[in-house]
Structure formats: C-alpha cells, structure tokens
Amino acid sequence: MRPRANEPVDVRLPIPDIARELPLSGPPFSRPDPDLINRLQVVSSATASAVMHRMGVRQTYIQGPIPRQPGTKVVGPVVTLQFMPKREDVVSGVGAGAQEEHVEKKSALWDVFESVQPGDVLAVSAYGDVNTGCMGEMLVTYFQGRGGAGIVVDGCVRDWPRIKEIGTPLWTCGFTPNFASQTTLFPWASNVPIACNRVLVLPGDIIIADDDGAVLVPAQMAEMVLEHTVDHEEWEEFSRLKLAEGGALKKYYPLSEQGWAEYEAWRAAQADEHPRSRS
C-alpha cells in the first residue's frame, strides 16, 4: 500500500560513498616558530588588520564572533574545524547504529580536538548558525587540558555558564542549548581550509584575537606584519602625545607631511635618550 500524501515514508536510506570516508582531514601542516608567536603578542588585532590592509590583504577580520571573556587576548597557530550542511543519508552512514549524539565521536569534531597542541587557536566554520552548538563544556575542558590557547567560532556553543567558568578565551556569535549534530549542520572535516565569515583560514596560519575581535594573519606574512607594526605603533605614540596636547587632528592623525617630519625628529631624539630600547 502506498503512503498517503504527507505521511512519512519508512525506508532505509542508501548511504553515499563519501559517508564512509568521513571524517575528512587535511594533510600535515607546519606551525609557525614559537618565538615568532611570542613576538606577535605585542600586536593588537586592530593594528594587524590595519597593517595588512595597507599591504593589500583586506579580508582578515572575522566579523561575527565577539569576545566572551573581556580583557583576554590570544595569539596562536590555527587548527580548523569545518561544519557542512547536514544531510540525513550521509549522517546515517557515520557511526552507524550509535545514538545520534554519539555519532559525533566518529566525526571531525572529535578529530580536531585530538590534533590540538599547546598554544593552538581553534577556528570553526559554522556559517554564523544560531542553532548549532559547535561544542560544549566537555570538549572545551579537553581543549584546555591539551594546552589550547583560545577558540574562535563562526557560530554558537552550548553550556555557556560552565564554559565561562573554565576560562578558555572564546569568541563566538552566541549560545544555544543544541548539540553539534542536532540541527542543520554536521562536523565534516578538520585541518582543512575553511571560511570564517568570508575570511579564508588555513591550518598553520595565525589568529590574533582580543577585545576588538579576531583577525587572521597569513603565516608567511607574520614577520612583515610584526615589522610594520613596530613602525605603526611608534608614530601612533607620537600622534597620541600631540593630540593630548591639543595638536591639530589633520596634522597629527594620520601624520601629515609636516607632522611626519616632526615625528622623525622626535624619534631621533628618543633614540639618543634611550639607545638600547630603540636599537
């Protein structure tokens, strides 16, 4: 007998081949030198974003996730987690026979946490989804236990009151009671290129995240960003002094040609006074 209109059809879904290959994982990648990460601690997300914009790399700010522990800052190499739209025939082939929440143990969600090394920043691509809880208290506890530095989620997490107590720096779009595979997304791949709100994030890149938000620094540009940041922050220090004295805004921020000449003279004087700190 055929089912009536709108009546559920009781069938066993055929499993596509891709389901048997999940979770996907990217190839091995290199993390930046720890000394470089340490030197980048002085760089703010705002300065990094401005410096890279002037270099021509303009899509680095991960808009959406906001800081959940004000006053915290992280700088570290990135490991990535990619969610994809959930399709029931695919998911039915992952962890077959397990209860729905336990299927996640066979997904990229568990894989990515196993790849975390001390100092890493986990970046999660979840399309800014407000329903999916990409991780909860237990996984964040495990992340902290492995020495992870912080987590940036283009989406939501669950168990926020308990995660808040753990203290791991977190940038997220919001909170939800749902677990990771409960709604419309599924943890698909770990340590592959991802899009965090239209920002391309590659494993081994660097994230600088603070109260202004999270900014992606391409690994191969980190030394350049650091070098130009020192120059940027020096002239901003001079500008700040002049503006506090009532100096003309158009002259001192950004520096006009005349203001730049004054800055160079000020910088030379500072170098004469403090030769070691200006070497």
# chains A, B, ... in the order shown; residues from 1 in each chain; ligands from 1
$ select_by_dssp --residues "stretch 27-268 of chain A" --states "alpha helix (DSSP H)" --output "ChimeraX atom specification"
/A:34-39,45-55,88-91,108-114,137-145,160-166,222-244,249-252,257-268
$ residues_around --residues "A:Glu223" --least-positions-apart "5" --cutoff "12 Å" --atoms "only C-alpha atoms" --output "list of chain:residue names"
A:Pro32, A:Asp33, A:Asp35, A:Leu36, A:Ile37, A:Asn38, A:Arg39, A:Leu40, A:Val43, A:Ala48, A:Val51, A:Met52, A:Ile206, A:Val217, A:Pro218, A:His228, A:Thr229, A:Val230
$ write_last_selection --atoms "C-alpha atoms" --output "mmCIF file, in the first residue's frame"
data_model
loop_
_atom_site.group_PDB
_atom_site.id
_atom_site.type_symbol
_atom_site.label_atom_id
_atom_site.label_comp_id
_atom_site.auth_asym_id
_atom_site.auth_seq_id
_atom_site.Cartn_x
_atom_site.Cartn_y
_atom_site.Cartn_z
ATOM 1 C CA PRO A 32 54.987 28.956 12.970
ATOM 2 C CA ASP A 33 58.096 29.242 15.133
ATOM 3 C CA ASP A 35 59.449 32.670 19.038
ATOM 4 C CA LEU A 36 57.511 34.421 16.266
ATOM 5 C CA ILE A 37 54.221 33.766 18.074
ATOM 6 C CA ASN A 38 55.728 35.200 21.247
ATOM 7 C CA ARG A 39 56.897 38.374 19.476
ATOM 8 C CA LEU A 40 53.455 38.832 17.936
ATOM 9 C CA VAL A 43 50.389 43.247 18.124
ATOM 10 C CA ALA A 48 47.272 43.764 12.463
ATOM 11 C CA VAL A 51 48.779 46.906 8.583
ATOM 12 C CA MET A 52 47.597 44.054 6.354
ATOM 13 C CA ILE A 206 47.939 32.757 12.928
ATOM 14 C CA VAL A 217 47.368 36.710 9.849
ATOM 15 C CA PRO A 218 48.691 34.566 6.969
ATOM 16 C CA HIS A 228 55.392 47.229 10.159
ATOM 17 C CA THR A 229 53.534 47.116 13.467
ATOM 18 C CA VAL A 230 56.574 48.496 15.309
#
$ residues_around --residues "A:Val130" --least-positions-apart "3" --cutoff "7 Å" --atoms "only C-alpha atoms" --output "JSON, numbers by chain"
{"A": [155, 156, 174, 176]}
$ residues_around --residues "A:Arg158" --least-positions-apart "3" --cutoff "10 Å" --atoms "only C-alpha atoms" --output "list of chain:residue names"
A:Asn131, A:Thr132, A:Gly133, A:Cys134, A:Met135, A:Gly136, A:Glu137, A:Pro161, A:Arg162, A:Ile163, A:Gly174, A:Phe175, A:Thr176, A:Pro177, A:Asn178, A:Phe179, A:Ala180
$ write_last_selection --atoms "N, CA and C atoms" --output "compact mmCIF listing (two decimals), in the first residue's frame"
# COMPACT_ATOMS: atom_id res chain seq x y z
N ASN A 131 21.64 27.96 15.70
CA ASN A 131 21.04 26.78 16.30
C ASN A 131 22.04 25.72 16.72
N THR A 132 23.12 25.59 15.96
CA THR A 132 24.08 24.52 16.21
C THR A 132 25.05 24.89 17.31
N GLY A 133 25.14 24.06 18.34
CA GLY A 133 26.14 24.22 19.40
C GLY A 133 27.40 23.47 19.01
N CYS A 134 28.36 24.18 18.43
CA CYS A 134 29.52 23.52 17.82
C CYS A 134 30.36 22.72 18.80
N MET A 135 30.28 23.08 20.08
CA MET A 135 30.98 22.34 21.12
C MET A 135 30.38 22.74 22.46
N GLY A 136 30.69 21.95 23.48
CA GLY A 136 30.16 22.23 24.80
C GLY A 136 31.24 22.13 25.86
N GLU A 137 30.80 22.06 27.10
CA GLU A 137 31.70 22.10 28.26
C GLU A 137 32.80 21.04 28.20
N PRO A 161 27.36 28.77 30.63
CA PRO A 161 27.71 29.06 32.02
C PRO A 161 28.91 28.24 32.51
N ARG A 162 28.99 26.98 32.09
CA ARG A 162 30.12 26.14 32.53
C ARG A 162 31.38 26.44 31.74
N ILE A 163 31.24 26.72 30.46
CA ILE A 163 32.42 27.11 29.67
C ILE A 163 33.02 28.39 30.22
N GLY A 174 27.25 33.44 19.55
CA GLY A 174 26.16 33.31 20.51
C GLY A 174 26.16 31.96 21.18
N PHE A 175 25.02 31.63 21.78
CA PHE A 175 24.88 30.41 22.55
C PHE A 175 23.58 29.70 22.16
N THR A 176 23.54 28.39 22.39
CA THR A 176 22.37 27.59 22.07
C THR A 176 22.37 26.36 22.98
N PRO A 177 21.21 25.76 23.25
CA PRO A 177 21.18 24.52 24.03
C PRO A 177 21.45 23.28 23.19
N ASN A 178 21.53 23.41 21.87
CA ASN A 178 21.63 22.24 20.99
C ASN A 178 23.05 21.71 20.87
N PHE A 179 23.17 20.39 20.66
CA PHE A 179 24.50 19.82 20.44
C PHE A 179 24.87 19.90 18.96
N ALA A 180 26.09 19.49 18.64
CA ALA A 180 26.69 19.83 17.35
C ALA A 180 25.98 19.27 16.12
$ closest_residue --among "A:Asp89, A:Glu104, A:Glu114, A:Asp210" --to "A:Ser25" --atoms "only C-alpha atoms"
A:Glu114
$ closest_atom_pairs --of "stretch 146-242 of chain A" --to "stretch 249-257 of chain A" --cutoff "9 Å" --atoms "only C-alpha atoms" --output "JSON lines"
{"residue": "A:Trp235", "atom": "CA", "partner": "A:Leu255", "partner_atom": "CA", "distance": 8.0}
{"residue": "A:Glu236", "atom": "CA", "partner": "A:Tyr253", "partner_atom": "CA", "distance": 8.1}
{"residue": "A:Phe238", "atom": "CA", "partner": "A:Tyr252", "partner_atom": "CA", "distance": 8.4}
{"residue": "A:Ser239", "atom": "CA", "partner": "A:Tyr252", "partner_atom": "CA", "distance": 5.3}
{"residue": "A:Arg240", "atom": "CA", "partner": "A:Tyr252", "partner_atom": "CA", "distance": 8.3}
{"residue": "A:Lys242", "atom": "CA", "partner": "A:Tyr252", "partner_atom": "CA", "distance": 6.9}
$ write_last_selection --atoms "C-alpha atoms" --output "compact mmCIF listing (two decimals), in the first residue's frame"
# COMPACT_ATOMS: atom_id res chain seq x y z
CA TRP A 235 54.19 57.03 15.10
CA GLU A 236 50.84 56.46 16.84
CA PHE A 238 53.89 60.34 18.89
CA SER A 239 50.46 61.26 17.49
CA ARG A 240 48.79 60.40 20.78
CA LYS A 242 50.50 65.59 20.22
$ closest_residue --among "A:Ala209, A:Leu243, A:Ala189, A:Ile66" --to "A:Val112" --atoms "only C-alpha atoms"
A:Ala189
$ closest_residue --among "A:Ser190, A:Gln144, A:Ser49, A:Gln117" --to "A:Leu22" --atoms "only C-alpha atoms"
A:Ser190
$ residues_around --residues "stretch 75-82 of chain A" --least-positions-apart "3" --cutoff "6 Å" --atoms "only C-alpha atoms" --output "ChimeraX atom specification"
/A:119-125,188-191,203-208
$ select_by_dssp --residues "stretch 57-209 of chain A" --states "strand (DSSP E or B)" --output "compact mmCIF listing (two decimals) with N, CA and C atoms, in the first residue's frame"
# COMPACT_ATOMS: atom_id res chain seq x y z
N TYR A 61 39.54 40.33 9.05
CA TYR A 61 38.74 40.43 10.27
C TYR A 61 37.58 39.44 10.21
N ILE A 66 32.27 37.49 18.79
CA ILE A 66 32.69 38.56 19.68
C ILE A 66 33.31 37.97 20.94
N PRO A 67 34.16 38.74 21.64
CA PRO A 67 34.85 38.20 22.82
C PRO A 67 33.87 37.92 23.95
N VAL A 74 44.53 36.30 22.68
CA VAL A 74 45.29 35.12 22.27
C VAL A 74 45.99 35.40 20.94
N VAL A 75 47.15 34.81 20.81
CA VAL A 75 47.89 34.80 19.55
C VAL A 75 48.40 33.38 19.38
N GLY A 76 48.04 32.73 18.29
CA GLY A 76 48.49 31.36 18.13
C GLY A 76 48.22 30.78 16.76
N PRO A 77 48.89 29.68 16.45
CA PRO A 77 48.66 28.99 15.18
C PRO A 77 47.28 28.35 15.15
N VAL A 78 46.72 28.24 13.96
CA VAL A 78 45.33 27.81 13.80
C VAL A 78 45.21 26.33 13.47
N VAL A 79 44.28 25.66 14.18
CA VAL A 79 43.74 24.38 13.72
C VAL A 79 42.29 24.65 13.35
N THR A 80 41.77 23.94 12.37
CA THR A 80 40.45 24.30 11.83
C THR A 80 39.45 23.16 11.91
N LEU A 81 38.18 23.57 12.04
CA LEU A 81 37.06 22.63 12.02
C LEU A 81 36.01 23.16 11.06
N GLN A 82 35.60 22.33 10.13
CA GLN A 82 34.62 22.73 9.12
C GLN A 82 33.31 21.98 9.33
N PHE A 83 32.24 22.75 9.54
CA PHE A 83 30.89 22.17 9.52
C PHE A 83 30.35 22.29 8.10
N MET A 84 29.49 21.34 7.74
CA MET A 84 28.80 21.37 6.46
C MET A 84 27.31 21.16 6.71
N PRO A 85 26.47 21.54 5.75
CA PRO A 85 25.03 21.28 5.92
C PRO A 85 24.77 19.80 6.16
N VAL A 121 45.10 27.85 18.40
CA VAL A 121 43.79 28.50 18.38
C VAL A 121 42.90 27.70 17.44
N LEU A 122 41.75 27.28 17.94
CA LEU A 122 40.80 26.53 17.11
C LEU A 122 39.86 27.50 16.42
N ALA A 123 39.80 27.44 15.09
CA ALA A 123 38.87 28.26 14.31
C ALA A 123 37.81 27.34 13.72
N VAL A 124 36.53 27.73 13.87
CA VAL A 124 35.41 26.89 13.47
C VAL A 124 34.55 27.61 12.45
N SER A 125 34.31 26.95 11.33
CA SER A 125 33.43 27.48 10.29
C SER A 125 32.05 26.86 10.43
N GLY A 133 25.14 24.06 18.34
CA GLY A 133 26.14 24.22 19.40
C GLY A 133 27.40 23.47 19.01
N GLY A 150 42.89 29.39 22.66
CA GLY A 150 41.59 30.04 22.53
C GLY A 150 40.81 29.47 21.36
N ILE A 151 39.53 29.84 21.29
CA ILE A 151 38.64 29.28 20.28
C ILE A 151 37.84 30.41 19.64
N VAL A 152 37.80 30.41 18.30
CA VAL A 152 37.02 31.38 17.53
C VAL A 152 35.98 30.60 16.73
N VAL A 153 34.70 30.84 17.01
CA VAL A 153 33.62 30.07 16.39
C VAL A 153 32.73 31.00 15.57
N ASP A 154 32.68 30.76 14.26
CA ASP A 154 31.72 31.48 13.42
C ASP A 154 30.37 30.78 13.55
N GLY A 155 29.83 30.85 14.76
CA GLY A 155 28.61 30.14 15.10
C GLY A 155 28.43 30.19 16.61
N CYS A 156 27.79 29.16 17.17
CA CYS A 156 27.43 29.16 18.59
C CYS A 156 28.05 27.98 19.33
N VAL A 157 28.03 28.08 20.66
CA VAL A 157 28.42 26.97 21.52
C VAL A 157 27.29 26.72 22.51
N LEU A 170 37.27 32.76 24.44
CA LEU A 170 36.32 32.31 23.42
C LEU A 170 35.73 33.51 22.69
N TRP A 171 35.67 33.40 21.36
CA TRP A 171 34.98 34.37 20.51
C TRP A 171 33.90 33.60 19.77
N THR A 172 32.65 34.00 19.93
CA THR A 172 31.54 33.26 19.36
C THR A 172 30.41 34.20 18.98
N CYS A 173 29.54 33.73 18.08
CA CYS A 173 28.39 34.52 17.67
C CYS A 173 27.25 34.44 18.67
N GLY A 174 27.25 33.44 19.55
CA GLY A 174 26.16 33.31 20.51
C GLY A 174 26.16 31.96 21.18
N PHE A 175 25.02 31.63 21.78
CA PHE A 175 24.88 30.41 22.55
C PHE A 175 23.58 29.70 22.16
N LEU A 185 23.54 21.30 10.81
CA LEU A 185 24.94 21.20 10.42
C LEU A 185 25.55 19.92 10.96
N PHE A 186 26.72 19.56 10.39
CA PHE A 186 27.42 18.36 10.84
C PHE A 186 28.92 18.59 10.75
N PRO A 187 29.70 18.16 11.77
CA PRO A 187 31.16 18.34 11.73
C PRO A 187 31.76 17.47 10.63
N TRP A 188 32.30 18.08 9.61
CA TRP A 188 32.66 17.39 8.37
C TRP A 188 34.15 17.12 8.23
N ALA A 189 34.99 18.15 8.47
CA ALA A 189 36.42 18.00 8.19
C ALA A 189 37.23 18.80 9.21
N SER A 190 38.44 18.31 9.47
CA SER A 190 39.35 19.01 10.36
C SER A 190 40.65 19.34 9.63
N ILE A 194 39.19 26.68 5.61
CA ILE A 194 37.80 26.98 5.94
C ILE A 194 37.53 28.46 5.67
N ALA A 195 36.25 28.80 5.64
CA ALA A 195 35.81 30.19 5.55
C ALA A 195 35.17 30.56 6.87
N CYS A 196 35.78 31.48 7.60
CA CYS A 196 35.18 32.03 8.81
C CYS A 196 34.59 33.38 8.44
N VAL A 199 36.34 34.94 5.60
CA VAL A 199 37.79 35.05 5.75
C VAL A 199 38.38 33.66 5.54
N LEU A 200 39.31 33.56 4.60
CA LEU A 200 39.97 32.28 4.34
C LEU A 200 40.97 32.00 5.45
N VAL A 201 40.80 30.85 6.12
CA VAL A 201 41.68 30.45 7.21
C VAL A 201 42.33 29.13 6.84
N ILE A 206 47.90 32.22 11.57
CA ILE A 206 47.94 32.76 12.93
C ILE A 206 46.69 33.60 13.17
N ILE A 207 46.09 33.45 14.32
CA ILE A 207 44.97 34.31 14.72
C ILE A 207 45.42 35.19 15.89
N ILE A 208 45.12 36.47 15.76
CA ILE A 208 45.26 37.42 16.86
C ILE A 208 43.84 37.83 17.25
N ALA A 209 43.46 37.55 18.48
CA ALA A 209 42.10 37.86 18.94
C ALA A 209 42.16 38.57 20.28
$ atom_distance --atom1 "atom CA of A:Lys73" --atom2 "atom CA of A:Pro118"
15.5 Å
$ closest_residue --among "A:His232, A:Arg267, A:Lys86, A:His274" --to "A:Arg54" --atoms "only C-alpha atoms"
A:His232
$ closest_residue --among "A:Ser181, A:Arg31, A:Glu165, A:Leu216" --to "A:Lys105" --atoms "only C-alpha atoms"
A:Ser181
$ closest_residue --among "A:Asp211, A:Gln258, A:Phe143, A:Asp272" --to "A:Ala46" --atoms "only C-alpha atoms"
A:Asp211
$ residues_around --residues "A:Ala19" --least-positions-apart "5" --cutoff "8 Å" --atoms "only C-alpha atoms" --output "PDB file with N, CA and C atoms, in the first residue's frame"
ATOM      1  N   VAL A  90      23.809  10.981   4.448  1.00  0.00           N
ATOM      2  CA  VAL A  90      25.246  10.949   4.735  1.00  0.00           C
ATOM      3  C   VAL A  90      25.485  10.634   6.205  1.00  0.00           C
ATOM      4  N   VAL A  91      24.778  11.350   7.080  1.00  0.00           N
ATOM      5  CA  VAL A  91      24.987  11.177   8.515  1.00  0.00           C
ATOM      6  C   VAL A  91      24.644   9.758   8.950  1.00  0.00           C
ATOM      7  N   GLY A  93      25.358   7.139   7.610  1.00  0.00           N
ATOM      8  CA  GLY A  93      26.485   6.254   7.351  1.00  0.00           C
ATOM      9  C   GLY A  93      27.675   6.504   8.255  1.00  0.00           C
ATOM     10  N   VAL A  94      27.576   7.496   9.138  1.00  0.00           N
ATOM     11  CA  VAL A  94      28.659   7.821  10.075  1.00  0.00           C
ATOM     12  C   VAL A  94      28.278   7.279  11.444  1.00  0.00           C
TER      13      VAL A  94
END
$ decode --residues "stretch 225-247 of chain A" --atoms "N, CA and C atoms" --output "PDB file, in the first residue's frame"
ATOM      1  N   VAL A 225      54.185  41.721   9.139  1.00  0.00           N
ATOM      2  CA  VAL A 225      53.218  42.399   9.999  1.00  0.00           C
ATOM      3  C   VAL A 225      53.892  42.901  11.262  1.00  0.00           C
ATOM      4  N   LEU A 226      54.744  42.082  11.847  1.00  0.00           N
ATOM      5  CA  LEU A 226      55.452  42.473  13.064  1.00  0.00           C
ATOM      6  C   LEU A 226      56.354  43.680  12.812  1.00  0.00           C
ATOM      7  N   GLU A 227      57.091  43.643  11.721  1.00  0.00           N
ATOM      8  CA  GLU A 227      57.995  44.745  11.393  1.00  0.00           C
ATOM      9  C   GLU A 227      57.236  46.058  11.202  1.00  0.00           C
ATOM     10  N   HIS A 228      56.150  46.004  10.435  1.00  0.00           N
ATOM     11  CA  HIS A 228      55.392  47.229  10.159  1.00  0.00           C
ATOM     12  C   HIS A 228      54.588  47.686  11.375  1.00  0.00           C
ATOM     13  N   THR A 229      54.257  46.752  12.251  1.00  0.00           N
ATOM     14  CA  THR A 229      53.534  47.116  13.467  1.00  0.00           C
ATOM     15  C   THR A 229      54.391  48.004  14.354  1.00  0.00           C
ATOM     16  N   VAL A 230      55.682  47.688  14.483  1.00  0.00           N
ATOM     17  CA  VAL A 230      56.574  48.496  15.309  1.00  0.00           C
ATOM     18  C   VAL A 230      56.586  49.936  14.809  1.00  0.00           C
ATOM     19  N   ASP A 231      56.710  50.117  13.497  1.00  0.00           N
ATOM     20  CA  ASP A 231      56.692  51.464  12.921  1.00  0.00           C
ATOM     21  C   ASP A 231      55.349  52.141  13.175  1.00  0.00           C
ATOM     22  N   HIS A 232      54.261  51.405  12.955  1.00  0.00           N
ATOM     23  CA  HIS A 232      52.923  51.958  13.115  1.00  0.00           C
ATOM     24  C   HIS A 232      52.695  52.425  14.554  1.00  0.00           C
ATOM     25  N   GLU A 233      53.063  51.584  15.513  1.00  0.00           N
ATOM     26  CA  GLU A 233      52.797  51.925  16.899  1.00  0.00           C
ATOM     27  C   GLU A 233      53.697  53.047  17.391  1.00  0.00           C
ATOM     28  N   GLU A 234      54.898  53.194  16.812  1.00  0.00           N
ATOM     29  CA  GLU A 234      55.774  54.299  17.201  1.00  0.00           C
ATOM     30  C   GLU A 234      55.193  55.640  16.769  1.00  0.00           C
ATOM     31  N   TRP A 235      54.730  55.727  15.511  1.00  0.00           N
ATOM     32  CA  TRP A 235      54.195  57.028  15.103  1.00  0.00           C
ATOM     33  C   TRP A 235      52.850  57.308  15.770  1.00  0.00           C
ATOM     34  N   GLU A 236      52.085  56.244  16.098  1.00  0.00           N
ATOM     35  CA  GLU A 236      50.844  56.457  16.839  1.00  0.00           C
ATOM     36  C   GLU A 236      51.125  56.970  18.249  1.00  0.00           C
ATOM     37  N   GLU A 237      52.220  56.493  18.857  1.00  0.00           N
ATOM     38  CA  GLU A 237      52.592  57.001  20.181  1.00  0.00           C
ATOM     39  C   GLU A 237      52.874  58.499  20.114  1.00  0.00           C
ATOM     40  N   PHE A 238      53.609  58.917  19.089  1.00  0.00           N
ATOM     41  CA  PHE A 238      53.891  60.342  18.890  1.00  0.00           C
ATOM     42  C   PHE A 238      52.599  61.120  18.646  1.00  0.00           C
ATOM     43  N   SER A 239      51.733  60.588  17.780  1.00  0.00           N
ATOM     44  CA  SER A 239      50.465  61.261  17.486  1.00  0.00           C
ATOM     45  C   SER A 239      49.612  61.409  18.738  1.00  0.00           C
ATOM     46  N   ARG A 240      49.591  60.372  19.550  1.00  0.00           N
ATOM     47  CA  ARG A 240      48.790  60.397  20.775  1.00  0.00           C
ATOM     48  C   ARG A 240      49.258  61.518  21.698  1.00  0.00           C
ATOM     49  N   LEU A 241      50.583  61.667  21.807  1.00  0.00           N
ATOM     50  CA  LEU A 241      51.138  62.739  22.640  1.00  0.00           C
ATOM     51  C   LEU A 241      50.723  64.103  22.120  1.00  0.00           C
ATOM     52  N   LYS A 242      50.823  64.294  20.810  1.00  0.00           N
ATOM     53  CA  LYS A 242      50.496  65.593  20.224  1.00  0.00           C
ATOM     54  C   LYS A 242      49.006  65.902  20.345  1.00  0.00           C
ATOM     55  N   LEU A 243      48.162  64.910  20.123  1.00  0.00           N
ATOM     56  CA  LEU A 243      46.721  65.133  20.239  1.00  0.00           C
ATOM     57  C   LEU A 243      46.334  65.444  21.682  1.00  0.00           C
ATOM     58  N   ALA A 244      46.988  64.800  22.649  1.00  0.00           N
ATOM     59  CA  ALA A 244      46.709  65.076  24.056  1.00  0.00           C
ATOM     60  C   ALA A 244      47.106  66.498  24.436  1.00  0.00           C
ATOM     61  N   GLU A 245      48.070  67.063  23.702  1.00  0.00           N
ATOM     62  CA  GLU A 245      48.497  68.450  23.934  1.00  0.00           C
ATOM     63  C   GLU A 245      47.633  69.460  23.193  1.00  0.00           C
ATOM     64  N   GLY A 246      46.642  68.947  22.444  1.00  0.00           N
ATOM     65  CA  GLY A 246      45.773  69.833  21.678  1.00  0.00           C
ATOM     66  C   GLY A 246      46.246  70.097  20.262  1.00  0.00           C
ATOM     67  N   GLY A 247      47.175  69.273  19.768  1.00  0.00           N
ATOM     68  CA  GLY A 247      47.681  69.437  18.410  1.00  0.00           C
ATOM     69  C   GLY A 247      46.591  69.233  17.370  1.00  0.00           C
TER      70      GLY A 247
END
